[in-house]
Amino acid sequence: MSALAFPPMPTLPRPAAPARPQAPGDRRRHLQAVPDLGTSARGQQSRGDRLQVRAETGQPASSAVAQRPLRLTTRGRRVLIVLAFAAAVAVGAGLGVLFPAESTAPEQVQDVVVSQGESLWAIATSTAAPGQDVREVVEQIRTLNDLDGSTVVAGQRLSVPVG
């Protein structure tokens, strides 16, 4: 078995930390006086100024954070824009439900009896005028007959627009 020996590494003495002047009984050691940095280019006090005033007045350090102005990151701005857009869409959809678009009421109607296996869509397709949107005809049939859904049963009498 072989062994390799290295001489011990010399340890360097650490420099002593500079002494901070403290008043007797001062328990707020985390508060330090900072140099006056003056006002910024916008004419506002710098953060160092605000902290210095708070340290001198003896306010708790938590108030230094609470009184800072709100600043958003780019990501925060994007989130707010998306939320505002979603709220606008929700309000628009709500207004669409409250104030539905005027549907064209049919001038002439006829009565139709629902056959076995026939759906509201099939009835609307057979009565729609050429080039007319079948969805509008379905909505007209539902409005004319006060239907809540699109379910119809065989033998049911429906009023349908003449196309």
# chains A, B, ... in the order shown; residues from 1 in each chain; ligands from 1

call {"tool": "residues_around", "arguments": {"residues": "A:Ala128", "least_positions_apart": "2", "cutoff": "12 Å", "atoms": "only C-alpha atoms", "output": "number ranges by chain"}}
result
A: 106, 109, 120-126, 130-141, 160-163

call {"tool": "write_last_selection", "arguments": {"atoms": "C-alpha atoms", "output": "compact mmCIF listing (two decimals), in the first residue's frame"}}
result
# COMPACT_ATOMS: atom_id res chain seq x y z
CA PRO A 106 -90.32 35.20 -40.69
CA VAL A 109 -95.03 30.32 -41.25
CA LEU A 120 -84.57 20.11 -35.75
CA TRP A 121 -81.57 20.53 -38.03
CA ALA A 122 -83.14 18.30 -40.70
CA ILE A 123 -86.40 20.28 -40.54
CA ALA A 124 -84.51 23.58 -40.81
CA THR A 125 -82.47 22.27 -43.77
CA SER A 126 -85.62 21.26 -45.67
CA PRO A 130 -81.36 28.43 -51.06
CA GLY A 131 -78.25 30.16 -49.71
CA GLN A 132 -79.84 30.83 -46.30
CA ASP A 133 -77.89 29.90 -43.18
CA VAL A 134 -79.46 26.82 -41.59
CA ARG A 135 -78.38 28.00 -38.11
CA GLU A 136 -80.61 31.08 -38.47
CA VAL A 137 -83.56 28.90 -39.48
CA VAL A 138 -82.99 26.63 -36.47
CA GLU A 139 -82.97 29.69 -34.21
CA GLN A 140 -86.17 31.00 -35.83
CA ILE A 141 -87.91 27.65 -35.28
CA VAL A 160 -91.54 26.79 -39.27
CA PRO A 161 -90.77 29.75 -41.54
CA VAL A 162 -91.60 29.42 -45.20
CA GLY A 163 -88.40 29.71 -47.20

call {"tool": "atom_distance", "arguments": {"atom1": "atom CA of A:Asn145", "atom2": "atom CA of A:Gly94"}}
result
25.0 Å

call {"tool": "atom_distance", "arguments": {"atom1": "atom CA of A:Ala86", "atom2": "atom CA of A:Thr73"}}
result
20.1 Å

call {"tool": "closest_residue", "arguments": {"among": "A:Leu4, A:Ala84, A:Val153, A:Ala90", "to": "A:Glu118", "atoms": "only C-alpha atoms"}}
result
A:Val153

call {"tool": "atom_distance", "arguments": {"atom1": "atom CA of A:Leu147", "atom2": "atom CA of A:Ser159"}}
result
11.2 Å
